[in-house]
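Written below as structure tokens is the structure these notes are about.
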Amino acid sequence: MPTTKHGAYGLPKATKSINKPLHKSLICTIFPHLCNNYHNLDYFRDLPLLLHHHHPFVFINDMIQQEPNDSTQKKLFTALRILIGLLLGAVAIFFLLVSILFFDTPTLPTEEPVLVQKTYTKPDSNFTGVWLAPADWRMSQLSPEKQQLVKYGKELIAHTATYLGPKGSVRHLSNGMNCQNCHLNAGTQPWGNNYFAVESTYPKFRERSGGIENKIKRVNDCFERSLNGKALDSTSREMQAIITYIEWLGTGVASKTSPKGSGIFKLKLLSRAADPDKGKIVYEQKCQSCHQAQGEGVLAADGKSYSFPPLWGKNSYNTGAGLYRISNFAGYVKYNMPLGATYQNPQLSDEEAWDVAAFVNSMPRPTKDLSKDWPNLAGKPFDHPFGPYADSFSEKQHKYGPYQPIKAWKEQHKGLKVPHSKLAKL
């Protein structure tokens, strides 16, 4: 049998040499140790046989670890590295896709995310769609004379004492407070004791007087009670201006209706009596910085009116004022005080509002003869602080509460008439 000569690697020797330098360079780049052992490059004619005997992983390892000798080899070497990297990456992606399609999706152990569930708070329907003052541009629909009256009326509400206070330029009628101190933003603040429902509801019957009242009577009640002063002449330009301004604020309000946000908010009753001692703490923490320790308020720089009105004492509202009723005062401060609070952003809790109202209205202030008020005793409000009453509850309970028993009694005796001159025994 014929024999074949083999080299050191057990490969048959080639009988024909390879004369292409590029092929030689490529093979030597891949297998430099072979080139060192075999100077006759004819052996590489049988490259497939070489690859068969040389394991593929050894082949790849040899190629990665070798450093090229010249620029041409370096380019080839880099290209091969890239191709092999892409091939390996493609194989990895292939197996990853197979695992995703046919097996569970691979996941890394992670901490469970903490989901913060936001609770939906339904807006209070009392404070949505509230009535607002008419826009200034609508003033152009008025005659020039009426426009001047509206503007003057607003000025009188905002700066009453400048014109009608103890140092007023027109008359000296009031205690130095402004109408705006109780009717916020010149009577335009929603739930700020505004005038939105005055034009639409007056003239009307009022239990306090026992008769039909017009707007002039209503304005003068404020002068005599809240401003602790004297009535304004009904024929004066000042009264006409105030009435015209109030009519203007009622523009668009249907007759005999009170739009949402008018007057003072009716605060939910407490299940206990309002506490002046607790209210004093609230006052010291949240009210005293403006209204001062003795409730005397702060005079304006001109000395004619107040920047912050007195809440008790000789220059404050008297015992006949609407805010002397604790329910009115509590509803008023709940959505308007301290400074900066609104119905959208209140700062007091309900209990704080009730308690601070009890404290303020427990302090000394001017008195008023109320002997002609409430000719029908059964028509007195549940929190009217002065007897006699048609019911058997005490003055203290009428003033501070708890009010639910009194309201329940009034509901059971609705329509009852008890003349002031005599008390019914019920």
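Just so we're on the same page: first chain in the structure tokens is A, next is B, and so on; residues restart at 1 for each chain, and ligands are numbered from 1 in the order they show up.
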If you count only C-alpha atoms, which residues fall within 9 Å of A:Leu269, apart from same-chain ones fewer than 6 positions away, as an NGL selection string? :A and (327 or 350 or 354 or 401-404)
Using only C-alpha atoms, determine which residues lie at most 10 Å from A:Tyr343, disregarding the query and same-chain residues fewer than 2 positions distant; provide the list as a PyMOL selection string. chain A and resi 126-127+189-192+261+265+332-337+341+345-347
Excluding A:Leu132 and any residue of its chain fewer than 4 positions from it, enumerate the residues within 12 Å of it, using only C-alpha atoms, and give them as number ranges by chain. A: 127-128, 136, 185, 187-192, 194-197, 248-253, 259-262
Identify which of the residues A:His384, A:Lys417, A:Lys278, A:Lys151 lies closest to A:Ile246, counting only C-alpha atoms when measuring atom-to-atom distances. A:Lys151
In stretch 76-251 of chain A, what's helix (DSSP H, G or I) per DSSP? Answer as a VMD selection string? chain A and resid 76 to 102 125 to 127 136 to 141 144 to 158 160 to 164 179 to 181 184 to 187 198 to 201 215 to 224 237 to 249
If we count only C-alpha atoms and set the cut-off at 7 Å, which residues sit around A:Met177, ignoring sequence neighbours fewer than 3 positions away in its own chain? Please answer as number ranges by chain. A: 161, 181, 227, 305-306, 309
How would the residues just chosen look if you wrote them out with N, CA and C atoms as a PDB file, in the first residue's frame?
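So selection.pdb came out as:
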ATOM      1  N   ALA A 161     -66.048 104.662  57.182  1.00  0.00           N
ATOM      2  CA  ALA A 161     -65.617 105.611  58.213  1.00  0.00           C
ATOM      3  C   ALA A 161     -64.982 106.860  57.630  1.00  0.00           C
ATOM      4  N   ASN A 181     -65.899  95.633  56.847  1.00  0.00           N
ATOM      5  CA  ASN A 181     -65.346  94.806  57.914  1.00  0.00           C
ATOM      6  C   ASN A 181     -66.210  93.579  58.185  1.00  0.00           C
ATOM      7  N   LEU A 227     -72.510  98.906  63.148  1.00  0.00           N
ATOM      8  CA  LEU A 227     -71.649 100.086  63.264  1.00  0.00           C
ATOM      9  C   LEU A 227     -71.946 100.880  64.538  1.00  0.00           C
ATOM     10  N   SER A 305     -60.326 105.080  60.249  1.00  0.00           N
ATOM     11  CA  SER A 305     -60.975 103.767  60.140  1.00  0.00           C
ATOM     12  C   SER A 305     -60.022 102.697  60.662  1.00  0.00           C
ATOM     13  N   TYR A 306     -60.416 101.455  60.495  1.00  0.00           N
ATOM     14  CA  TYR A 306     -59.616 100.349  61.016  1.00  0.00           C
ATOM     15  C   TYR A 306     -59.067  99.492  59.882  1.00  0.00           C
ATOM     16  N   PRO A 309     -60.576  95.408  62.287  1.00  0.00           N
ATOM     17  CA  PRO A 309     -61.631  95.976  63.150  1.00  0.00           C
ATOM     18  C   PRO A 309     -61.591  95.431  64.565  1.00  0.00           C
TER      19      PRO A 309
END
To one decimal place in Å, what is the distance between atom CA of A:His159 and atom CA of A:Asn318? 19.8 Å
